[in-house]
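Trainee: This is the structure I want to talk about, given as structure tokens.
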Amino acid sequence: MAADAAPEPKANMGQPVPRLDARLKVTGEARYAADFPVGNPAYAFLVTSAIAKGRIIRLDTESARAVPGVLDILTQDNTAELKEVKFGSGGASTSIQKLGPEIAHDGQIIAMVVADTFEAAREAAYKVKATYAEDKPSATFGDEGLKEEDATKVSERHKHVPKVGDADAALASADVLVDAEYGTPTQHHNPIELFATTCVWNGGQLTIYEPTQFVYGLKNSLAKKMDVAPENVRAISPYVGGAFGSKGQFTPRTGLVALAAKKLNRPVKLVVTRDQGFTTATYRAETRHHIRLGARRDGKITGYSHEGWEITSRPDAYVVAGVEDSARIYGFGAVQTKVNAVHADRNTPGFMRSPPVVPYIYALESAMDELAARLAIDPVELRRINDTMHDPITGKPYSSRSLMRCYDEAAKAFDWSRRNPEPRSMRDGDWFIGLGCATAVYPTHVGPAAARVRMLANGEVQVQIAAHEIGNGAYTVIGQMAAERLGVPLSSVKVELGDSSLPPAPVAGGSNTTASACSAVLKACDAIRVRLARSVATTDRGRAAGFAADNGQEMRADLFRRLGVGAIEEYAEFIPRGGKPDAVKQLYAGQVAMTGGPNGEKLMYAFGAEFVEVRINALTREIRVPRIVGAFAAGRLMNTRTARSQYMGGMIWGISSALHEATEIDKARARYVNDNLADYLVPVNADIDRVEVILVPEEDHEVNPAGVKGIGELANVGTAAAVANAVYHAIGIRIRELPIRIEKLLDA
Amino acid sequence: MRPFTYERVDSATAAIAAFGAGAVGAASERQYLAGGTTLIDLMKLDVMRPQTVIDINALDRTALGRVETNDQGLRLGALAHMSEVADHPVIKRDYPMIAQSLELAASPQIRNMATLGGNVLQRTRCPYFRDVSYAECNKRIPGSGCAALDGFNRSHAVLGVSDACIATYPGDFGQALIALDAMVELRGRNGDRKLPFGALHRPPGGNPEIETALLPGEIITGFAIAAAPWLRRSLYLKIRDRQSYEFALASAAIALDMGKNQIVQEVRIALGGVASVPWRARSAERALQGRRLNEQTARAAADTAFADANPHEHNLFKVGLGKRTLVRALLQAATMEL
Ligand SMILES: Cc1cc2nc3c(=O)[nH]c(=O)nc-3n(C[C@H](O)[C@H](O)[C@H](O)COP(=O)(O)OP(=O)(O)OC[C@H]3O[C@@H](n4cnc5c(N)ncnc54)[C@H](O)[C@@H]3O)c2cc1C
Ligand code: SF4
């Protein structure tokens, strides 16, 4: 087991050092937002709406105010000074920011009670009574009153769709055609750490402790919200207890806490309850897909058409538009795509682990399996036939791509050759056995970043960058990068993250952290090396610059002596290729522009292949997953231990998406029903058996200076399709809507 | 949670005295606290709002927490923890259905806290019942309506439901007790009495807020199960959305006395996850009595068990799944090695 957890590094892979913060975390010493001690805090508790659409006619706070210890109740009547922060700017999620009278979604914040104790705040919150005039809401697909729009006309992010050739004609003349519809459900991130906010005013200075994937975004958005200068706001978030996208966006609670603290002139602490988190933060919206995939008899795909529909709130056109990525991954021939934003009476969705590719690749990889079955070609071979080193849309080359190597290594480990392609052909007693596979893919993102590195003559190194530790191992890999570059042991490196008083890093989203932050740290470290090297005669510089590699210590001490300083500090700004010259300035202002994926001169993507075995009871139809094998190639791996852990967690997440997770919606009321961890199902230990990770070496010097492709959002892509494909193989039923629950398998 | 008074008592008499008169059952302003895994949960959700909580954990465990087994049968003290009973070697061997119904419930942590008395009184998982922001729930607010009827009712019951309430009785152990004709031992203001377990829970009818036949302040002191030839060939099969830590979508408790040629001498069948109360499937038992047990007769019995099913939009599958679960459980019981 221990050896499994720390895989031996292969080519272009870093050491499996344990996380620098591992002990702090398992001993409870790591400080999460709500853990920060503040003097004499008051406690807040939210009151949220019980309807999804309508108006508050009366808000009775009288008996709530009578609860001993209550200090203040914020409502629509006393919060007008809060400014609007628009959707999208600095990662804000809105749907609605006012506390009323209009109600635009289930669980909208309508009041916040502040009291001397948590208990008093909670009791008073229960006593706030709202009376509503209720309108009939539209909850989701199939309901009346939805508004559907072509996303390219309304979305900030999704301005054009990938398209090439005449897909309709290609599909009309294809030898074999798959024409199918797929669906994915609403999902909520449910990180274990709840959404917490503490605000402390000190004169005109505001300090906020909030778990965030973007301290600079939080700082700037909050400044806007409170109408103060950004330099008067400091956001602190050294550890985030799981985020998965849910903590990247500025949401309405934050301004309320800051305002309450200001009014009371006292620190205010809020920890949002689990159920309130479902409606006051973001979620992965449900999607629908119509795919047509046409091919020649020999398996060559000639046409691919993919139309997607995504639920969003009334005011905000949030779409993930995964066709941007799905359209690139095979040599498709002609392609046509379209994405529709479907407005309903819901809170605004947001990023959730691998936002664009999870739903769109699920649909495509399911269709690929259907095509393989129709063609009677092995699913792995179908991918091989349509493998490509070029973008089918633009012809641009991939910077690197190792998809088929991943397939081959995983297939071998999984013993795919034992698979009898006939559905329902493999059985073990009362259990049908099914084997399925699918492609995992994730765009490689990189963003601007700045870092400060300080090195002492004795070899101690301090790294400062406002990157984010969200369980991704950021402290560790950033430390590893500095240690390697400066030729010191990791134990000599101190890393500081998650504080807006440090140089900025992009939002910890799109799996860019390692690439962006490590590139900036690398640049600062190299500047230190250059300064040291300059201290010696030109002829010696080559050797001096290499001090890291050979007998470091002595030479370093010598170089510092020659320079006559005890420490060298370098600040470096990294702007990725294709980034704007003012990208770092923008970053300071809380705006981040990433490059990579389909957008540069070359396509930048990480790939993987996943193989799943399922067992389905012949009578009662429960599904078990005894084994999953995934092979992944993603450029340089900084640390094989943390990489494996990311991949393993990703595949488990994928199994969860396939079989367990769904936020259930009461359609009549447009409300989330299972808004708690007992009813929102994720797998427990008993559901997860063998999970095997294969690290496939890959080298790519074009993606970014660090040579790193993001891996945090790779392994949970495609898994759901692999499971669904295995279910089809086991029992001969194609499930085209997730999750795959028992009731979908009973009629056969 | 709202403020409440906490009292700790050390005898059943003191507990009953502390309870006083007061209303019956779940709506009462006074509640006994055993493991608290149902009560505290519902208090946090603001569903139950007792003003006084009377902790009965200090009651004499030799009388109330003991597991006694002898030739006559089994007696389980109401304060025994789920985990103790699930792990008891004699119960595992001679009453496998009981051990399994407990072992397959909740999580190890909860089983360590939860008591048998509290277990049988656990309340429905209906999401509209458990979330006070829904205005309609006849069980919570009598006469307010039932949001589940036109809401999301996948987890709801198909047997024993009414127009007023379709909530499922979520427990597992209760199915074992009803299958085995257990007796519930009670102590109240007027002394001790016994009740067949099947008479403890009340189907919703027009008053889903009244869930049991307990009198105000009555304490469950134990459960008695008489020895019988069908106990060893018994099992509990639970089908659920994940493999642990989840309530049943459908379950079956089977106890079987099988003669030569697979002929059923006696069979006891209870169904979980599909009914409003612990559910004895007597018609299915009758259908099998004296017959040979095979897939065909098992299917016929299962059809009988669900003949009166009343499904709604999202729980239609429970009829089919419930039948399949029963068939699988019967066939599994028939092939048990003794
Ligand atoms: C997340 C979760 C999952 C669960 N999963 C399952 C499952 O899969 N299967 C299953 O069967 N159960 C499950 N349960 C329910 C669990 O088994 C019950 O909560 C538990 O058995 C209740 O026992 P307790 O001692 O904690 O009761 P308490 O919460 O202390 O009491 C419950 C009620 O009974 C009353 N009471 C308690 N003891 C007595 C007595 N001796 N006499 C009279 N009244 C009494 C109390 O006043 C209270 O109203 C789950 C619970 C949770 C929280
Ligand atoms: S099913 Fe019963 S418990 Fe659920 S909402 Fe209806 S009345 Fe309430």
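Order determines the names: the first chain of the structure tokens is A, the second B, and so forth; residues in each chain are numbered 1 upward, and ligands are numbered 1 upward as they are shown.
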Within 7 Å of ligand 2 (counting only C-alpha atoms and all ligand atoms), which residues show up? I'd like them as a tab-separated table (two decimals) with N, CA and C atoms, in the first residue's frame.

Mentor:
chain	number	residue	atom	x	y	z
B	124	THR	N	-39.45	9.05	9.92
B	124	THR	CA	-39.29	8.91	8.48
B	124	THR	C	-38.20	9.82	7.93
B	126	CYS	N	-38.55	11.19	5.01
B	126	CYS	CA	-39.22	12.04	4.01
B	126	CYS	C	-38.60	13.44	4.05
B	127	PRO	N	-38.04	13.91	2.93
B	127	PRO	CA	-37.34	15.19	2.96
B	127	PRO	C	-38.24	16.37	3.30
B	128	TYR	N	-39.50	16.25	3.02
B	128	TYR	CA	-40.42	17.36	3.32
B	128	TYR	C	-40.75	17.40	4.80
B	129	PHE	N	-40.69	16.25	5.42
B	129	PHE	CA	-40.86	16.19	6.87
B	129	PHE	C	-39.65	16.77	7.57
B	136	GLU	N	-46.17	22.28	3.66
B	136	GLU	CA	-47.10	21.15	3.65
B	136	GLU	C	-46.43	19.88	4.15
B	137	CYS	N	-46.87	19.44	5.26
B	137	CYS	CA	-46.50	18.10	5.75
B	137	CYS	C	-47.45	17.75	6.88
B	138	ASN	N	-48.38	16.84	6.56
B	138	ASN	CA	-49.39	16.47	7.56
B	138	ASN	C	-48.79	15.84	8.81
B	139	LYS	N	-47.67	15.22	8.65
B	139	LYS	CA	-47.05	14.56	9.80
B	139	LYS	C	-46.48	15.61	10.76
B	140	ARG	N	-45.93	16.67	10.21
B	140	ARG	CA	-45.34	17.73	11.02
B	140	ARG	C	-46.39	18.72	11.49
B	145	GLY	N	-51.37	19.36	4.55
B	145	GLY	CA	-51.19	18.79	3.21
B	145	GLY	C	-49.95	17.92	3.18
B	146	CYS	N	-49.67	17.40	1.99
B	146	CYS	CA	-48.51	16.50	1.85
B	146	CYS	C	-47.75	16.89	0.59
B	147	ALA	N	-46.57	17.50	0.81
B	147	ALA	CA	-45.78	17.97	-0.33
B	147	ALA	C	-45.25	16.81	-1.17
B	148	ALA	N	-45.13	15.64	-0.55
B	148	ALA	CA	-44.54	14.52	-1.28
B	148	ALA	C	-45.46	14.00	-2.39
B	149	LEU	N	-46.76	14.24	-2.26
B	149	LEU	CA	-47.69	13.68	-3.24
B	149	LEU	C	-47.38	14.18	-4.64
B	164	ALA	N	-53.12	11.12	3.00
B	164	ALA	CA	-52.56	12.15	3.86
B	164	ALA	C	-51.05	12.06	3.97
B	165	CYS	N	-50.49	10.87	3.75
B	165	CYS	CA	-49.05	10.68	3.96
B	165	CYS	C	-48.56	9.42	3.27
B	166	ILE	N	-47.45	9.55	2.57
B	166	ILE	CA	-46.87	8.38	1.90
B	166	ILE	C	-45.44	8.12	2.39
B	167	ALA	N	-45.15	8.60	3.59
B	167	ALA	CA	-43.79	8.46	4.12
B	167	ALA	C	-43.43	7.00	4.39
B	208	PRO	N	-51.37	11.07	10.15
B	208	PRO	CA	-49.97	10.61	10.11
B	208	PRO	C	-49.12	11.15	11.25

Trainee: Residues within 8 Å of ligand 1, counting only C-alpha atoms and all ligand atoms: report them as a PyMOL selection string.

Mentor: (chain A and resi 678) or (chain B and resi 25-26+30-41+53+56+78-79+81-82+101-102+104-107+110-111+113-123+170-174+186+217-222+244-248)

Trainee: With C-alpha atoms kept, could you save the residues just selected as a JSON list (two decimals), in the first residue's frame?

Mentor:
[["chain", "number", "residue", "atom", "x", "y", "z"],
["A", 678, "ALA", "CA", -27.14, 11.96, 4.21],
["B", 25, "GLY", "CA", -45.37, 10.64, 20.95],
["B", 26, "ALA", "CA", -43.32, 12.74, 18.65],
["B", 30, "ARG", "CA", -41.01, 16.17, 26.47],
["B", 31, "GLN", "CA", -38.80, 13.59, 24.88],
["B", 32, "TYR", "CA", -36.69, 10.78, 26.18],
["B", 33, "LEU", "CA", -33.13, 10.83, 25.01],
["B", 34, "ALA", "CA", -31.44, 7.51, 24.32],
["B", 35, "GLY", "CA", -28.64, 7.50, 21.72],
["B", 36, "GLY", "CA", -29.99, 10.77, 20.36],
["B", 37, "THR", "CA", -29.20, 9.88, 16.76],
["B", 38, "THR", "CA", -32.78, 10.53, 15.71],
["B", 39, "LEU", "CA", -33.84, 13.02, 18.34],
["B", 40, "ILE", "CA", -30.88, 15.40, 18.28],
["B", 41, "ASP", "CA", -30.76, 15.23, 14.49],
["B", 53, "VAL", "CA", -35.19, 16.30, 27.15],
["B", 56, "ILE", "CA", -32.55, 7.78, 30.04],
["B", 78, "ALA", "CA", -34.30, -1.44, 24.99],
["B", 79, "LEU", "CA", -31.10, 0.39, 25.95],
["B", 81, "HIS", "CA", -26.88, -0.58, 21.50],
["B", 82, "MET", "CA", -27.39, -1.67, 17.93],
["B", 101, "SER", "CA", -30.90, -6.06, 10.12],
["B", 102, "LEU", "CA", -28.80, -4.16, 12.65],
["B", 104, "LEU", "CA", -26.72, -3.34, 7.64],
["B", 105, "ALA", "CA", -28.16, -0.18, 9.19],
["B", 106, "ALA", "CA", -26.58, 3.26, 9.47],
["B", 107, "SER", "CA", -22.83, 3.46, 10.19],
["B", 110, "ILE", "CA", -24.28, 5.54, 14.79],
["B", 111, "ARG", "CA", -24.74, 1.88, 15.73],
["B", 113, "MET", "CA", -24.63, 5.27, 19.96],
["B", 114, "ALA", "CA", -28.09, 4.16, 18.95],
["B", 115, "THR", "CA", -30.29, 1.98, 21.16],
["B", 116, "LEU", "CA", -32.87, -0.59, 20.16],
["B", 117, "GLY", "CA", -35.69, 1.37, 21.80],
["B", 118, "GLY", "CA", -34.76, 4.51, 19.93],
["B", 119, "ASN", "CA", -34.26, 2.52, 16.75],
["B", 120, "VAL", "CA", -37.82, 1.29, 16.48],
["B", 121, "LEU", "CA", -39.02, 4.85, 17.08],
["B", 122, "GLN", "CA", -36.83, 6.44, 14.43],
["B", 123, "ARG", "CA", -38.80, 8.75, 12.19],
["B", 170, "PRO", "CA", -37.07, 3.76, 7.30],
["B", 171, "GLY", "CA", -35.87, 1.24, 9.88],
["B", 172, "ASP", "CA", -34.41, -2.20, 9.28],
["B", 173, "PHE", "CA", -34.55, -3.83, 12.71],
["B", 174, "GLY", "CA", -38.31, -3.25, 12.90],
["B", 186, "LEU", "CA", -43.54, -1.20, 28.06],
["B", 217, "GLY", "CA", -44.52, 8.89, 28.97],
["B", 218, "GLU", "CA", -44.42, 5.17, 28.24],
["B", 219, "ILE", "CA", -40.93, 3.71, 28.05],
["B", 220, "ILE", "CA", -39.97, 0.77, 25.92],
["B", 221, "THR", "CA", -38.05, -1.54, 28.20],
["B", 222, "GLY", "CA", -37.37, -4.48, 25.90],
["B", 244, "SER", "CA", -23.23, 1.02, 3.20],
["B", 245, "TYR", "CA", -24.59, 3.87, 5.26],
["B", 246, "GLU", "CA", -27.84, 4.16, 3.41],
["B", 247, "PHE", "CA", -31.47, 3.36, 4.00],
["B", 248, "ALA", "CA", -33.22, 0.60, 2.10]]

Trainee: Within 7 Å of chain A, which residues of chain B show up? Give each one with its shortest atom-to-atom distance in Å (one decimal) and the two atoms involved, counting only C-alpha atoms, rows by chain then rising residue number, as a tab-separated table.

Mentor:
residue	atom	partner	partner_atom	distance
B:Met1	CA	A:Glu123	CA	6.7
B:Arg2	CA	A:Glu123	CA	5.6
B:Pro127	CA	A:Val673	CA	6.4
B:Ser133	CA	A:Ala50	CA	5.4
B:Tyr134	CA	A:Ala50	CA	6.9
B:Gly151	CA	A:Asp666	CA	5.4
B:Phe152	CA	A:Asp666	CA	5.4
B:Arg242	CA	A:Asp687	CA	6.5
B:Gln243	CA	A:Asp687	CA	5.7
B:Ser244	CA	A:Ala686	CA	6.2
B:Phe317	CA	A:Glu743	CA	5.6
B:Leu321	CA	A:Thr620	CA	6.4
B:Arg324	CA	A:Thr620	CA	5.7
B:Thr325	CA	A:Thr620	CA	6.0
B:Arg328	CA	A:Leu619	CA	6.9

Trainee: Which residues, written as a list of chain:residue names, have at least one atom at most 9 Å from Leu331 (chain B), with only C-alpha atoms counted and residues fewer than 4 positions away on the same chain left out?

Mentor: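 Counting only C-alpha atoms, the residues come to B:Leu293, B:Asn294, B:Glu295, B:Ala298, B:Leu326, B:Val327, B:Thr335, B:Met336.
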
Trainee: Using C-alpha atoms, can you write the selected residues to a file as a compact mmCIF listing (two decimals), in the first residue's frame?

Mentor:
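Contents of the output file part_25.txt:
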# COMPACT_ATOMS: atom_id res chain seq x y z
CA LEU B 293 -40.20 -22.99 -2.69
CA ASN B 294 -38.75 -22.26 -6.10
CA GLU B 295 -38.42 -19.25 -8.33
CA ALA B 298 -41.44 -17.10 -4.90
CA LEU B 326 -38.34 -10.67 -1.95
CA VAL B 327 -37.72 -13.36 -4.56
CA THR B 335 -30.20 -22.35 -0.05
CA MET B 336 -28.69 -21.30 3.28

Trainee: Could you write out, as a short mmCIF file (atom, residue, chain, number, x, y, z; two decimals) with C-alpha atoms, in the first residue's frame, all the residues of region 127-326 of chain A that DSSP marks as alpha helix (DSSP H)?

Mentor:
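Okay, states-v8.cif is ready:
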data_model
loop_
_atom_site.label_atom_id
_atom_site.label_comp_id
_atom_site.auth_asym_id
_atom_site.auth_seq_id
_atom_site.Cartn_x
_atom_site.Cartn_y
_atom_site.Cartn_z
CA LYS A 127 -38.12 32.95 14.37
CA ALA A 151 -25.26 30.84 -25.82
CA THR A 152 -22.94 32.59 -28.28
CA LYS A 153 -25.34 35.54 -28.26
CA VAL A 154 -25.46 35.96 -24.49
CA ALA A 167 -21.55 18.04 -40.91
CA ASP A 168 -25.14 17.50 -42.02
CA ALA A 169 -23.99 16.24 -45.38
CA ALA A 170 -21.31 14.05 -43.84
CA LEU A 171 -23.82 12.54 -41.43
CA ALA A 172 -26.38 11.99 -44.17
CA VAL A 215 -7.80 35.68 -2.71
CA TYR A 216 -7.23 38.54 -5.16
CA GLY A 217 -10.68 38.06 -6.66
CA LEU A 218 -12.24 38.04 -3.22
CA LYS A 219 -10.32 41.12 -2.14
CA ASN A 220 -11.27 43.15 -5.19
CA SER A 221 -14.89 42.05 -5.35
CA LEU A 222 -15.40 42.74 -1.69
CA ALA A 223 -13.83 46.17 -2.07
CA LYS A 224 -16.30 46.89 -4.85
CA LYS A 225 -19.18 45.56 -2.81
CA MET A 226 -18.27 47.73 0.18
CA ARG A 253 -23.15 36.25 1.82
CA THR A 254 -19.72 37.86 1.89
CA GLY A 255 -20.86 41.46 1.62
CA LEU A 256 -23.47 40.90 4.31
CA VAL A 257 -20.89 39.73 6.82
CA ALA A 258 -18.62 42.68 6.01
CA LEU A 259 -21.51 45.08 6.41
CA ALA A 260 -22.67 43.58 9.70
CA ALA A 261 -19.13 43.82 11.07
CA LYS A 262 -18.95 47.42 10.02
CA LYS A 263 -22.28 48.35 11.52
CA LEU A 264 -21.54 46.64 14.82
CA ARG A 274 -24.86 22.57 4.65
CA ASP A 275 -28.36 22.98 3.23
CA GLN A 276 -28.03 26.74 2.84
CA GLY A 277 -24.79 26.14 0.95
CA PHE A 278 -26.81 24.41 -1.77
CA THR A 279 -28.61 27.63 -2.64
CA THR A 280 -26.27 30.44 -1.61
CA VAL A 323 -17.97 21.58 -27.25
CA GLU A 324 -14.92 23.87 -27.27
CA ASP A 325 -12.97 20.85 -26.10
CA SER A 326 -14.98 17.86 -27.26
#

Trainee: Contacts of region 486-492 of chain A at 6 Å or less, counting only C-alpha atoms, minus same-chain residues fewer than 2 places along, as number ranges by chain?

Mentor: A: 460, 482-484, 548

Trainee: Separation of CA of Glu29 (chain B) and CA of Ala121 (chain A), in Å?

Mentor: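 CA of Ala121 (chain A) lies 22.4 Å from CA of Glu29 (chain B).
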
Trainee: I need the strand (DSSP E) residues of region 367-515 of chain A per DSSP on the backbone, written as JSON, numbers by chain.

Mentor: {"A": [427, 428, 431, 432, 433, 434, 435, 436, 437, 438, 439, 440, 441, 442, 443, 445, 446, 449, 450, 451, 452, 453, 454, 455, 456, 461, 462, 463, 464, 493, 494, 495, 496]}

Trainee: Between CA of Val703 (chain A) and CA of Asn12 (chain A), what is the spacing in Å?

Mentor: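 Atom-to-atom, CA of Asn12 (chain A) and CA of Val703 (chain A) are spaced 14.3 Å apart.
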